[in-house]
Structure formats: C-alpha cells, structure tokens
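The file upload39.cif comes next; it holds mmCIF, C-alpha atoms.
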```
data_input
loop_
_atom_site.label_atom_id
_atom_site.label_comp_id
_atom_site.auth_asym_id
_atom_site.auth_seq_id
_atom_site.Cartn_x
_atom_site.Cartn_y
_atom_site.Cartn_z
CA MET A 1 -42.23 3.55 1.64
CA LYS A 2 -45.30 1.54 2.65
CA VAL A 3 -48.26 3.81 3.41
CA ALA A 4 -51.22 2.56 5.45
CA ILE A 5 -54.39 4.62 5.22
CA CYS A 6 -56.57 3.99 8.25
CA ASP A 7 -60.04 2.96 7.15
CA PHE A 8 -62.69 3.68 9.73
CA GLY A 9 -65.55 4.35 7.36
CA ALA A 10 -64.44 7.89 6.47
CA GLY A 11 -65.55 9.09 3.08
CA ASN A 12 -62.29 10.17 1.52
CA VAL A 13 -60.19 7.02 1.94
CA ARG A 14 -60.35 6.35 -1.79
CA SER A 15 -59.20 9.86 -2.70
CA VAL A 16 -56.26 9.69 -0.28
CA LEU A 17 -55.28 6.27 -1.61
CA ALA A 18 -55.47 7.58 -5.18
CA ALA A 19 -53.33 10.60 -4.34
CA PHE A 20 -50.53 8.41 -2.93
CA ALA A 21 -50.88 5.99 -5.85
CA ARG A 22 -50.40 8.89 -8.30
CA LEU A 23 -47.09 9.58 -6.53
CA GLY A 24 -46.05 5.96 -7.03
CA ALA A 25 -46.23 5.15 -3.32
CA ASP A 26 -46.99 1.63 -2.11
CA ALA A 27 -50.24 2.62 -0.38
CA CYS A 28 -52.99 0.42 1.00
CA VAL A 29 -56.17 0.80 3.01
CA ALA A 30 -55.81 -0.65 6.50
CA ASP A 31 -58.54 -1.46 8.97
CA ALA A 32 -56.39 -3.67 11.22
CA ALA A 33 -53.96 -2.51 13.90
CA GLU A 34 -51.13 -4.76 12.60
CA ALA A 35 -51.08 -3.12 9.17
CA VAL A 36 -51.09 0.36 10.73
CA ALA A 37 -48.24 -0.60 13.06
CA ALA A 38 -46.07 -2.04 10.28
CA ALA A 39 -46.32 0.81 7.72
CA GLY A 40 -43.61 3.37 7.07
CA LEU A 41 -46.25 6.11 7.17
CA ALA A 42 -49.72 5.83 8.69
CA VAL A 43 -52.39 8.22 7.46
CA LEU A 44 -55.45 9.15 9.47
CA PRO A 45 -57.86 10.67 6.96
CA GLY A 46 -61.29 11.85 7.82
CA VAL A 47 -64.50 13.34 6.61
CA GLY A 48 -67.72 13.21 8.54
CA SER A 49 -68.55 13.15 12.21
CA ALA A 50 -66.05 13.04 15.06
CA ALA A 51 -68.10 10.81 17.37
CA SER A 52 -68.68 8.00 14.88
CA ALA A 53 -65.08 8.23 13.63
CA MET A 54 -63.63 7.89 17.17
CA ALA A 55 -65.96 4.99 17.93
CA ALA A 56 -64.89 3.21 14.74
CA LEU A 57 -61.18 3.78 15.49
CA ARG A 58 -61.57 2.27 18.98
CA GLU A 59 -63.62 -0.64 17.71
CA ARG A 60 -60.81 -1.60 15.31
CA GLY A 61 -58.01 -0.97 17.79
CA LEU A 62 -56.58 1.70 15.51
CA ASP A 63 -56.48 4.28 18.32
CA GLU A 64 -53.96 2.20 20.25
CA ALA A 65 -52.00 1.36 17.09
CA LEU A 66 -51.57 5.07 16.38
CA ARG A 67 -50.52 5.86 19.98
CA VAL A 68 -47.92 3.08 19.83
CA ARG A 69 -46.56 4.51 16.56
CA ILE A 70 -46.19 7.96 18.09
CA ALA A 71 -44.48 6.50 21.18
CA ALA A 72 -42.04 4.77 18.80
CA ALA A 73 -41.51 8.03 16.84
CA LYS A 74 -42.96 6.53 13.64
CA PRO A 75 -44.66 9.07 11.33
CA VAL A 76 -48.41 9.61 11.33
CA LEU A 77 -50.20 12.07 9.03
CA GLY A 78 -53.66 13.34 10.02
CA ILE A 79 -55.86 14.98 7.40
CA CYS A 80 -58.81 17.30 8.23
CA LEU A 81 -60.90 15.36 10.75
CA GLY A 82 -57.79 13.21 11.20
CA LEU A 83 -56.01 16.24 12.67
CA GLN A 84 -58.98 17.11 14.88
CA LEU A 85 -59.26 13.54 16.21
CA ALA A 86 -55.57 13.56 17.10
CA LEU A 87 -56.14 16.41 19.58
CA GLU A 88 -57.10 15.89 23.21
CA HIS A 89 -60.69 16.93 22.63
CA THR A 90 -63.10 18.11 19.96
CA ASP A 91 -66.24 20.13 20.60
CA GLU A 92 -68.00 18.42 17.69
CA ASP A 93 -70.99 16.14 18.38
CA GLY A 94 -71.46 17.54 21.87
CA GLY A 95 -67.83 16.88 22.85
CA VAL A 96 -65.62 13.89 22.01
CA GLU A 97 -62.34 12.78 23.61
CA GLY A 98 -59.59 12.58 20.99
CA LEU A 99 -56.46 10.46 20.60
CA ALA A 100 -54.31 13.06 22.40
CA LEU A 101 -51.40 12.60 19.99
CA LEU A 102 -50.90 16.34 20.36
CA PRO A 103 -52.16 18.99 22.81
CA GLY A 104 -55.20 21.15 22.14
CA ARG A 105 -58.81 20.96 21.09
CA ALA A 106 -60.98 21.41 18.01
CA MET A 107 -63.50 24.23 18.19
CA ARG A 108 -66.26 25.38 15.87
CA LEU A 109 -65.29 28.16 13.48
CA ARG A 110 -66.76 31.46 14.60
CA GLU A 111 -65.97 33.77 11.70
CA GLY A 112 -66.81 33.86 8.01
CA ARG A 113 -69.06 31.43 6.22
CA VAL A 114 -69.21 27.98 7.82
CA PRO A 115 -68.45 25.39 6.53
CA ARG A 116 -65.27 27.10 5.38
CA ILE A 117 -64.97 25.71 1.86
CA GLY A 118 -62.40 26.53 -0.77
CA TRP A 119 -58.77 27.20 -1.54
CA ALA A 120 -56.87 29.44 0.86
CA PRO A 121 -53.18 30.38 1.20
CA VAL A 122 -51.21 28.70 3.99
CA ASP A 123 -48.34 30.43 5.76
CA PRO A 124 -45.44 30.00 5.85
CA GLY A 125 -45.06 29.46 2.11
CA GLY A 126 -48.22 31.13 0.85
CA GLU A 127 -49.38 28.19 -1.30
CA ALA A 128 -53.13 27.66 -1.57
CA TYR A 129 -54.68 24.36 -0.47
CA TYR A 130 -58.29 23.15 -0.42
CA PHE A 131 -60.20 23.32 2.87
CA ALA A 132 -63.68 22.03 3.78
CA HIS A 133 -64.33 22.26 7.51
CA SER A 134 -66.57 23.61 10.25
CA TYR A 135 -64.18 22.97 13.17
CA ALA A 136 -60.51 23.88 13.55
CA ALA A 137 -57.69 23.00 15.94
CA GLU A 138 -56.63 25.32 18.74
CA THR A 139 -53.21 24.01 19.67
CA PRO A 140 -49.81 25.21 20.87
CA ALA A 141 -48.37 22.73 18.33
CA ALA A 142 -49.52 24.78 15.32
CA SER A 143 -46.92 24.93 12.55
CA ALA A 144 -48.87 26.74 9.82
CA THR A 145 -51.93 28.95 9.59
CA SER A 146 -54.47 30.05 7.01
CA GLU A 147 -56.33 33.30 7.62
CA GLY A 148 -55.52 32.94 11.31
CA ILE A 149 -56.85 29.37 11.43
CA VAL A 150 -54.57 26.44 12.29
CA ALA A 151 -53.70 24.81 8.95
CA ALA A 152 -51.04 22.39 10.20
CA ALA A 153 -49.73 21.13 13.52
CA ARG A 154 -46.79 19.00 14.48
CA ALA A 155 -45.88 17.11 17.65
CA GLY A 156 -43.17 14.46 17.73
CA SER A 157 -43.74 12.18 14.75
CA PHE A 158 -47.32 13.41 14.19
CA VAL A 159 -48.11 15.90 11.44
CA GLY A 160 -51.68 17.05 10.96
CA VAL A 161 -53.17 19.28 8.27
CA GLN A 162 -56.58 20.90 8.22
CA PHE A 163 -56.60 21.12 4.42
CA HIS A 164 -57.01 18.22 1.99
CA PRO A 165 -53.65 17.61 0.27
CA GLU A 166 -55.27 14.84 -1.79
CA LYS A 167 -57.63 17.47 -3.27
CA SER A 168 -55.17 20.34 -3.51
CA GLY A 169 -53.82 19.82 -7.01
CA ALA A 170 -50.09 20.22 -7.61
CA ALA A 171 -49.49 21.95 -4.25
CA GLY A 172 -51.14 19.04 -2.44
CA ALA A 173 -49.11 16.49 -4.37
CA ARG A 174 -45.91 18.30 -3.41
CA PHE A 175 -46.98 18.23 0.24
CA LEU A 176 -47.65 14.48 0.15
CA GLU A 177 -44.33 13.92 -1.62
CA ARG A 178 -42.58 15.64 1.29
CA CYS A 179 -44.43 13.32 3.70
CA LEU A 180 -43.06 10.34 1.78
CA SER A 181 -39.47 11.54 1.90
CA PRO A 182 -38.92 13.40 5.17
CA ALA A 183 -35.71 15.40 5.12
CA MET B 1 -62.62 33.88 3.51
CA PRO B 2 -61.12 31.35 1.09
CA LEU B 3 -60.45 32.55 -2.47
CA PRO B 4 -63.35 32.83 -4.93
CA ARG B 5 -63.90 29.60 -6.84
CA LEU B 6 -64.58 28.78 -10.48
CA ILE B 7 -66.53 25.55 -10.90
CA PRO B 8 -67.08 24.09 -14.38
CA CYS B 9 -70.23 21.99 -14.62
CA LEU B 10 -70.27 18.82 -16.73
CA ASP B 11 -73.58 17.24 -17.70
CA VAL B 12 -73.23 13.48 -17.85
CA ALA B 13 -75.45 10.57 -18.91
CA ALA B 14 -74.53 6.89 -19.05
CA GLY B 15 -70.90 7.70 -18.23
CA ARG B 16 -70.37 10.30 -20.99
CA VAL B 17 -70.41 14.11 -21.12
CA VAL B 18 -73.54 15.21 -22.96
CA LYS B 19 -74.81 18.46 -24.32
CA GLY B 20 -78.42 19.45 -24.83
CA ILE B 21 -81.34 21.22 -23.28
CA ARG B 22 -81.87 19.08 -20.19
CA PHE B 23 -83.43 15.85 -21.43
CA ARG B 24 -83.91 16.74 -25.08
CA GLY B 25 -81.47 16.10 -27.88
CA LEU B 26 -78.54 14.92 -25.77
CA ARG B 27 -75.35 14.70 -27.77
CA ASP B 28 -72.18 12.88 -26.69
CA VAL B 29 -69.36 15.42 -26.42
CA GLY B 30 -66.65 13.47 -24.67
CA ASP B 31 -65.21 11.55 -21.77
CA PRO B 32 -65.99 13.03 -18.32
CA VAL B 33 -62.61 12.16 -16.84
CA GLU B 34 -60.62 13.56 -19.77
CA LEU B 35 -62.64 16.77 -19.85
CA GLY B 36 -62.50 17.06 -16.06
CA ALA B 37 -58.73 16.60 -16.09
CA ALA B 38 -58.37 19.24 -18.78
CA TYR B 39 -60.47 21.66 -16.73
CA SER B 40 -58.35 20.86 -13.70
CA ASP B 41 -55.18 21.62 -15.66
CA ALA B 42 -56.78 24.86 -16.90
CA GLY B 43 -57.34 26.02 -13.31
CA ALA B 44 -60.76 24.74 -12.22
CA ASP B 45 -61.07 25.02 -8.44
CA GLU B 46 -63.69 22.28 -8.30
CA LEU B 47 -65.98 20.41 -10.68
CA VAL B 48 -69.66 19.54 -10.67
CA TYR B 49 -70.83 16.41 -12.46
CA LEU B 50 -74.55 16.48 -13.04
CA ASP B 51 -76.25 13.23 -14.04
CA VAL B 52 -78.93 14.74 -16.27
CA LYS B 53 -80.94 11.53 -16.65
CA ALA B 54 -80.46 10.23 -13.12
CA THR B 55 -82.13 6.91 -13.78
CA LEU B 56 -81.82 3.87 -11.56
CA GLU B 57 -80.33 1.90 -14.46
CA GLY B 58 -77.70 4.61 -14.88
CA ARG B 59 -76.41 4.38 -11.26
CA PRO B 60 -73.70 1.75 -11.86
CA ALA B 61 -72.30 3.85 -14.73
CA LEU B 62 -72.37 6.95 -12.54
CA LEU B 63 -70.59 5.22 -9.64
CA ALA B 64 -67.95 3.83 -12.01
CA LEU B 65 -67.46 7.32 -13.42
CA VAL B 66 -67.11 8.84 -9.94
CA ALA B 67 -64.43 6.29 -9.06
CA ARG B 68 -62.48 7.09 -12.25
CA VAL B 69 -62.67 10.81 -11.54
CA ALA B 70 -61.51 10.33 -7.94
CA ASP B 71 -58.59 8.16 -9.04
CA GLN B 72 -57.32 10.61 -11.62
CA LEU B 73 -58.20 14.14 -10.47
CA ALA B 74 -56.62 16.00 -7.55
CA ILE B 75 -59.36 18.63 -7.12
CA PRO B 76 -62.69 18.29 -5.33
CA PHE B 77 -65.88 17.43 -7.17
CA THR B 78 -69.60 17.37 -6.48
CA VAL B 79 -72.03 14.86 -8.00
CA GLY B 80 -75.70 15.64 -8.47
CA GLY B 81 -78.65 13.82 -9.90
CA GLY B 82 -80.75 11.00 -8.50
CA VAL B 83 -79.80 11.22 -4.82
CA ARG B 84 -83.04 10.21 -3.06
CA CYS B 85 -81.80 8.85 0.28
CA ALA B 86 -78.78 9.13 2.57
CA ASP B 87 -77.40 5.83 1.29
CA ASP B 88 -77.35 7.18 -2.29
CA GLY B 89 -75.15 9.99 -1.02
CA ALA B 90 -72.94 7.61 0.97
CA SER B 91 -72.31 5.40 -2.05
CA LEU B 92 -71.25 8.42 -4.13
CA LEU B 93 -68.84 9.54 -1.39
CA GLN B 94 -67.47 6.02 -0.99
CA ALA B 95 -66.87 5.96 -4.74
CA GLY B 96 -64.77 9.12 -4.28
CA ALA B 97 -67.06 12.15 -4.66
CA ASP B 98 -66.42 14.98 -2.20
CA LYS B 99 -69.95 16.34 -2.12
CA VAL B 100 -73.40 15.41 -3.32
CA ALA B 101 -76.01 17.82 -4.62
CA VAL B 102 -79.74 17.42 -4.12
CA ASN B 103 -82.56 19.44 -5.63
CA SER B 104 -86.08 18.10 -6.30
CA ALA B 105 -85.69 15.20 -3.87
CA ALA B 106 -84.99 17.67 -1.04
CA LEU B 107 -88.03 19.73 -1.97
CA ASP B 108 -90.17 16.58 -1.97
CA ARG B 109 -88.77 15.51 1.39
CA PRO B 110 -86.73 18.17 3.21
CA ALA B 111 -85.61 15.69 5.90
CA LEU B 112 -83.32 14.23 3.23
CA ILE B 113 -80.98 17.19 3.82
CA SER B 114 -80.56 16.45 7.52
CA GLU B 115 -80.16 12.73 6.87
CA LEU B 116 -77.37 13.42 4.39
CA ALA B 117 -75.72 15.97 6.70
CA HIS B 118 -75.81 13.56 9.62
CA LEU B 119 -74.27 10.72 7.62
CA LEU B 120 -71.79 12.64 5.46
CA GLY B 121 -71.20 15.92 7.31
CA SER B 122 -72.58 19.28 6.17
CA GLN B 123 -69.44 20.05 4.15
CA ALA B 124 -70.47 17.25 1.76
CA VAL B 125 -74.08 18.35 1.24
CA VAL B 126 -74.95 20.86 -1.48
CA VAL B 127 -78.56 21.90 -1.92
CA ALA B 128 -79.25 23.06 -5.47
CA ILE B 129 -81.99 25.67 -5.82
CA ASP B 130 -83.54 26.61 -9.18
CA ALA B 131 -85.41 29.91 -8.99
CA ALA B 132 -87.50 32.03 -11.33
CA GLY B 133 -88.92 35.37 -10.24
CA GLY B 134 -87.56 34.72 -6.75
CA GLN B 135 -89.61 31.51 -6.47
CA VAL B 136 -88.25 27.97 -6.26
CA ARG B 137 -88.99 25.63 -9.13
CA THR B 138 -88.59 21.86 -9.18
CA ARG B 139 -88.25 18.99 -11.68
CA ALA B 140 -85.50 20.69 -13.68
CA GLY B 141 -87.34 23.99 -13.49
CA THR B 142 -90.57 22.69 -15.00
CA ALA B 143 -92.82 22.91 -11.95
CA ALA B 144 -93.61 25.66 -9.46
CA THR B 145 -93.35 25.05 -5.71
CA GLY B 146 -94.85 28.29 -4.42
CA ARG B 147 -91.81 28.75 -2.14
CA GLU B 148 -89.64 31.85 -1.88
CA ALA B 149 -86.03 31.07 -2.80
CA VAL B 150 -84.73 32.95 0.24
CA ASP B 151 -86.97 30.98 2.61
CA TRP B 152 -86.01 27.64 1.11
CA ALA B 153 -82.32 28.62 1.25
CA ARG B 154 -82.65 29.36 4.98
CA GLU B 155 -84.49 26.10 5.62
CA ALA B 156 -81.91 24.10 3.65
CA GLN B 157 -79.12 25.64 5.74
CA ASP B 158 -80.99 25.00 8.99
CA ARG B 159 -81.44 21.37 7.98
CA GLY B 160 -77.71 20.96 7.46
CA ALA B 161 -76.82 22.01 3.92
CA GLY B 162 -73.16 23.04 3.80
CA GLU B 163 -73.44 24.93 0.53
CA LEU B 164 -76.12 26.25 -1.80
CA LEU B 165 -75.96 26.05 -5.60
CA LEU B 166 -78.31 28.78 -6.76
CA THR B 167 -79.42 28.78 -10.39
CA SER B 168 -81.49 31.62 -11.77
CA ILE B 169 -83.78 30.21 -14.44
CA ASP B 170 -84.49 33.79 -15.55
CA ALA B 171 -80.80 34.40 -16.24
CA ASP B 172 -79.89 30.88 -17.42
CA GLY B 173 -78.99 30.81 -21.10
CA THR B 174 -79.32 34.59 -21.55
CA ARG B 175 -75.55 35.24 -21.37
CA ALA B 176 -76.60 38.62 -19.93
CA GLY B 177 -75.03 38.06 -16.52
CA TYR B 178 -75.82 36.24 -13.29
CA ASP B 179 -78.96 37.22 -11.38
CA LEU B 180 -77.11 39.39 -8.87
CA GLU B 181 -80.22 40.52 -7.03
CA LEU B 182 -81.36 36.97 -6.31
CA THR B 183 -77.82 35.82 -5.50
CA ALA B 184 -77.25 38.70 -3.08
CA ALA B 185 -80.62 38.10 -1.41
CA VAL B 186 -79.85 34.42 -0.81
CA ALA B 187 -76.21 34.99 0.18
CA GLY B 188 -77.39 37.64 2.64
CA ALA B 189 -79.95 35.28 4.18
CA VAL B 190 -77.57 32.40 4.92
CA SER B 191 -74.11 31.91 6.45
CA VAL B 192 -73.05 28.93 4.29
CA PRO B 193 -71.20 29.48 1.00
CA VAL B 194 -73.30 30.20 -2.09
CA ILE B 195 -72.42 29.14 -5.65
CA ALA B 196 -73.97 31.42 -8.29
CA SER B 197 -75.22 29.79 -11.49
CA GLY B 198 -76.88 30.82 -14.72
CA GLY B 199 -76.36 33.69 -17.13
CA ALA B 200 -72.60 34.03 -17.54
CA GLY B 201 -71.67 35.59 -20.86
CA GLY B 202 -68.26 37.05 -20.07
CA ALA B 203 -65.58 37.64 -17.47
CA ARG B 204 -67.25 40.82 -16.14
CA HIS B 205 -70.38 38.78 -15.29
CA VAL B 206 -68.35 36.18 -13.41
CA ALA B 207 -66.42 38.89 -11.54
CA ASP B 208 -69.69 40.56 -10.53
CA ALA B 209 -71.13 37.24 -9.32
CA LEU B 210 -68.01 36.59 -7.22
CA GLU B 211 -68.62 39.89 -5.43
CA VAL B 212 -71.83 38.48 -3.93
CA ALA B 213 -71.27 34.71 -4.04
CA GLN B 214 -68.32 32.56 -2.95
CA ALA B 215 -68.14 30.61 -6.20
CA ALA B 216 -69.42 30.72 -9.77
CA LEU B 217 -70.67 27.73 -11.72
CA LEU B 218 -69.52 27.77 -15.34
CA ALA B 219 -71.56 25.83 -17.86
CA SER B 220 -72.39 27.02 -21.37
CA ILE B 221 -69.80 29.84 -21.21
CA LEU B 222 -67.07 27.19 -21.45
CA HIS B 223 -68.58 25.17 -24.32
CA GLU B 224 -66.77 22.10 -23.02
CA GLN B 225 -63.52 23.84 -24.00
CA PRO B 226 -60.89 23.95 -21.24
CA GLU B 227 -58.89 26.65 -23.03
CA ARG B 228 -61.86 28.95 -22.47
CA LEU B 229 -61.46 28.43 -18.73
CA ALA B 230 -57.78 29.33 -18.93
CA SER B 231 -58.50 32.58 -20.78
CA LEU B 232 -61.42 33.40 -18.50
CA ARG B 233 -59.11 33.04 -15.50
CA GLN B 234 -56.66 35.45 -17.08
CA GLU B 235 -59.39 37.99 -17.77
CA LEU B 236 -60.70 37.66 -14.22
CA ARG B 237 -57.24 38.26 -12.80
CA GLY B 238 -57.04 41.33 -14.99
CA LEU B 239 -60.27 42.49 -13.35
CA GLY B 240 -58.68 42.03 -9.93
CA VAL B 241 -60.39 38.78 -8.91
CA PRO B 242 -57.98 36.98 -6.51
CA LEU B 243 -57.89 33.49 -8.03
CA ARG B 244 -55.43 30.88 -6.76
CA ASP B 245 -52.12 30.10 -8.45
CA VAL B 246 -52.54 26.76 -10.17
CA ALA B 247 -49.02 25.45 -10.74
#
```

Could you write out this file's structure as structure tokens?
Amino acid sequence: MKVAICDFGAGNVRSVLAAFARLGADACVADAAEAVAAAGLAVLPGVGSAASAMAALRERGLDEALRVRIAAAKPVLGICLGLQLALEHTDEDGGVEGLALLPGRAMRLREGRVPRIGWAPVDPGGEAYYFAHSYAAETPAASATSEGIVAAARAGSFVGVQFHPEKSGAAGARFLERCLSPA
Amino acid sequence: MPLPRLIPCLDVAAGRVVKGIRFRGLRDVGDPVELGAAYSDAGADELVYLDVKATLEGRPALLALVARVADQLAIPFTVGGGVRCADDGASLLQAGADKVAVNSAALDRPALISELAHLLGSQAVVVAIDAAGGQVRTRAGTAATGREAVDWAREAQDRGAGELLLTSIDADGTRAGYDLELTAAVAGAVSVPVIASGGAGGARHVADALEVAQAALLASILHEQPERLASLRQELRGLGVPLRDVA
C-alpha cells in the first residue's frame, strides 16, 4: 500500500517515514495535494504549534485534499497534533479552527505534569505507547483512552492517535501494521 | 501520570560513543546507533545523546548520526550539546531527534528557551541543569552562576521548557545514590516532568529517584552494557517500580 506522509514542516516527518519503511511499506513524504489524494493511506503527523501547522496545510492545499479523502472514505491517520488538527477546533495558540474531519475540540491538559511525556497504557488492550503532549482531544468519537485522556478517535475513514506509534517500539510497529492492513 | 522512565545517556563525539571525564581522555567505545538499538531492545524508554565536544566542525557528523538513529530506532531520543539558537534545534529535529537539550547556552541567554519552545513546541525542549550545593553551575560544571537551582528551574519552565534534566554534581560519580533532596526540591517547584541524573549505584537508588522524579538518567551505572539495563529493569520491577512491558 502506498503511504503518503503529509509534510507541512512538522518535526517528526522523518521518524514517521522511517517507521513505515521499517515495516516495508512504500511510504513517501508528500507536500502536494495530488500525492495525498492518490495514496492508499494518508498520514497527518505533527509536532509543534497548531496555528503554523494549519496555515501550512492550507497553503499547500492539503486541508482540502484530506477532506476529499474522508468524503471518499479513503483512510487517513492522524498522529498527535495530526489528531488535534483533525478536530473542529483546538484551544492551542489562542484558538485555531481545525479540519473538522471529526467532531470535538482539543483542550489543554489540566491534570498531572504538563507536557505529559512518557509511556502510558492505552485501553482497550492495555499496551503502553509513548505520549508527548500538552493538549488532548475532547470528542464523542473517542475509541481508546489513556488515564482518562483520549488516546485514539475514529470517525468514518479517519483514525487519530494522541500517542506516537512511530516512537512506541514494538507496540507502535504493531499499530502501524494494522493501519497498513485494515481488517 | 505516565510510567516512570529509564533513559540511558550516550556521550558522543565525531559520530562515535566515547567514554571519559568530559573532555579529557575520550576513548572510542562503539557505534551510537548499535549501542542505542541494544539499549532499546533491553528496555530503554528513551535515549539521550550528548555531544560532549559540541564543536561547529562536529555538527555535520552529529546531524548524520541523528538521522541514522531516527531511521533505525523506534523509541524517542533527545540530543544535547552545542544548541545555541532556535535554528540549531530545528535542524536536529528535522534530522529526526524528538527533543533537544540546552544547558550553558540557556544560562548565557535565557531567551533561547522561549525561542526553541516557540519553534519546536515545549515538548521538544529539555533544559539541563547542573547543580552543586543547590546552586547552578555552567560550562560542564566548571563555573559558578550564583543562581539557585530551584529558581532557575522555575524560570526555565516559565520560558517554555517542557522537561528538566537535573544533574547533581555532588552526587555524580559517587554511586551513592541520586541527590533526592535537590531532585524533590526542583520537582516540587515546577509542573513539568523532571529527569533525575547523577549518583546511581544500584537499583534501589534508581527506584528512590523515580519516587520524586518522572525519569532517571542512566550513565556510568550501565557501563555501555545493554545487558546491565535489562537486569536493572528486572531488579526495579522486583522493587515494585511499574516499568512498561517491552515486547
């Protein structure tokens, strides 16, 4: 399956690309709408600030390319900020409108040490994945949680995860493998 | 809270793992990617690569190393040494690092922390603090700053640091245990995660440090031997420390 990793200047594009390459996937970095539209799986990664990421997505027409994919029921995987940007709104950077690929908003974490950094179990399943975030999704589309925080969400052909599968060792690799071969 | 983390630290120079007292008598002890991968297999939660020379001429080698690590390892890693401006940090992240650590450069110019946080996000900015007698020291611990460690920790957090790597120079190399008093004082003064460093001689020390800090840096206790990490993890589990399942 051809995997297109949306490049909008986010820091972890290389790590995500490497993780898919380790699984033998035909993955490439894409900064053009055509490549994102054509792929079997489009990945929206993300580290950094919501406002600059959204601006860069719009500038490259990737926002529309992702919406078209979802309308056509083609799979999109959002990782960390990629999940938060897919919501209707994020409170980060004074408030930013998201892609609205799924309902809900990203809000600043209120409990524990922030940023929330480290490995934490995700339910259902109980496997530990690596998290590094200060905001988290509040969404009715949640499909998994970690310590009460939304760890994954799903709406139509969109799947978003708050953790970093590309940095989550063997558990992360198994997750990405499942994304490559949906049941 | 996420699970407590064990973070092996690898000193590197010119693309190789080195061993020695800071700048003196550096000895080549292996390949950073191979050793990092072995630590990852042995259950490291993260890694820190510290460029102990941090020279301008050494930057291409460091960036090439970071790219190799990112391509081959599936755990997060921090790179420290020689980050003087936000662009230095950005190039390390573009090469594949997850976080950058700053120490002396942030003491020289505290605005560096906010510049890095703005460009990379706080989760990617680690401020390393070396302290002796509760006071911050700079230039690899060789020079006093006259600042209280707790005050500098608070300022670093306020400026956007997402994590603090706290090394006790008093405890470092003693193998008599982490400086729990200092670590607890700093962890109590900030709301970001704190990584304890310096003084580990055995599993009990690491377990004690993980009671007050969110992570423990492991340097000389491992002797560049991944099997030591595996046995340390077992001992820690025996002491009731909730480490993650690796497989």

With a cut-off of 6 Å and counting all atoms listed in the file, select all residues of chain B in contact with chain A and give the selection as a list in words.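 So the contacting residues turn out to be Pro2, Leu3, Ala70, Asp71, Ala74, Ile75, Pro76, Leu93, Gln94, Gly96, Leu120, Gly121, Gln123, Gly162, Ser191, Val192 and Pro193 of chain B.
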
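Note that CA of Leu222 in chain B and CA of Asp28 in chain B are 16.1 Å apart.
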
Of the candidates B:Glu115, B:Asp108, B:Glu224, B:Asp31, which one gets nearest to Cys85 in chain B if we count all atoms listed in the file?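 Once distances to Cys85 in chain B are computed over all atoms listed in the file, the minimum belongs to B:Glu115.
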
What would the selection look like, as a ChimeraX atom specification, if the PyMOL selection byres ((chain A and resi 64-77) around 9) were run on the coordinates I just shared? /A:32-34,36-37,39-45,57-58,61-63,78-79,82-83,99-101,156-161,179

When the PyMOL selection byres ((chain B and resi 117) around 12) is applied to the structure above, which residues does it catch, written out as a ChimeraX atom specification? /A:47-49,115 /B:85-87,89-90,99-102,110-116,118-127,156-163

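When you apply the PyMOL selection byres ((chain A and resi 26) around 6) to this structure, what comes back is Lys2, Ala25 and Ala27 of chain A.
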
Please measure the separation of CA of Gly104 in chain A and CA of Asp31 in chain A, giving the value in Å to one decimal. 26.4 Å

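For the pair CA of Ser104 in chain B and CA of Gly146 in chain B, the interatomic distance is 13.6 Å.
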
Compare A:Ala155, A:Thr145, A:Asp91, A:Ala55 by their minimum atom-to-atom distance to Gly126 in chain A, counting all atoms listed in the file, and give me the closest one.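 Among the listed residues, A:Thr145 lies closest to Gly126 in chain A.
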
Contacts of range 178-190 of chain B at 9 Å (all atoms listed in the file; same-chain gap of 3+ positions) as a count of residues only: 34

Would you compute the box with edges along x, y and z of the file around range 172-177 of chain B, including every atom the file lists for it and 5 Å extra on each side, and give its centre and edge lengths in Å to one decimal, as AutoDock Vina command-line options?
```
--center_x -77.5 --center_y 34.7 --center_z -19.0 --size_x 14.9 --size_y 17.8 --size_z 15.0
```

Hey, what's within 10 Å of range 105-108 of chain A if we count only C-alpha atoms and toss same-chain stuff fewer than 2 positions away? As an NGL selection string, please? :A and (81 or 83-92 or 95-98 or 100 or 102-103 or 110-111 or 114-115 or 133-140 or 150)

Considering all atoms listed in the file, can you say which of B:Glu34, B:Leu47, B:Gly25, B:Ala97 comes closest to Ala219 in chain B?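 Nearest candidate to Ala219 in chain B out of B:Glu34, B:Leu47, B:Gly25, B:Ala97: B:Leu47.
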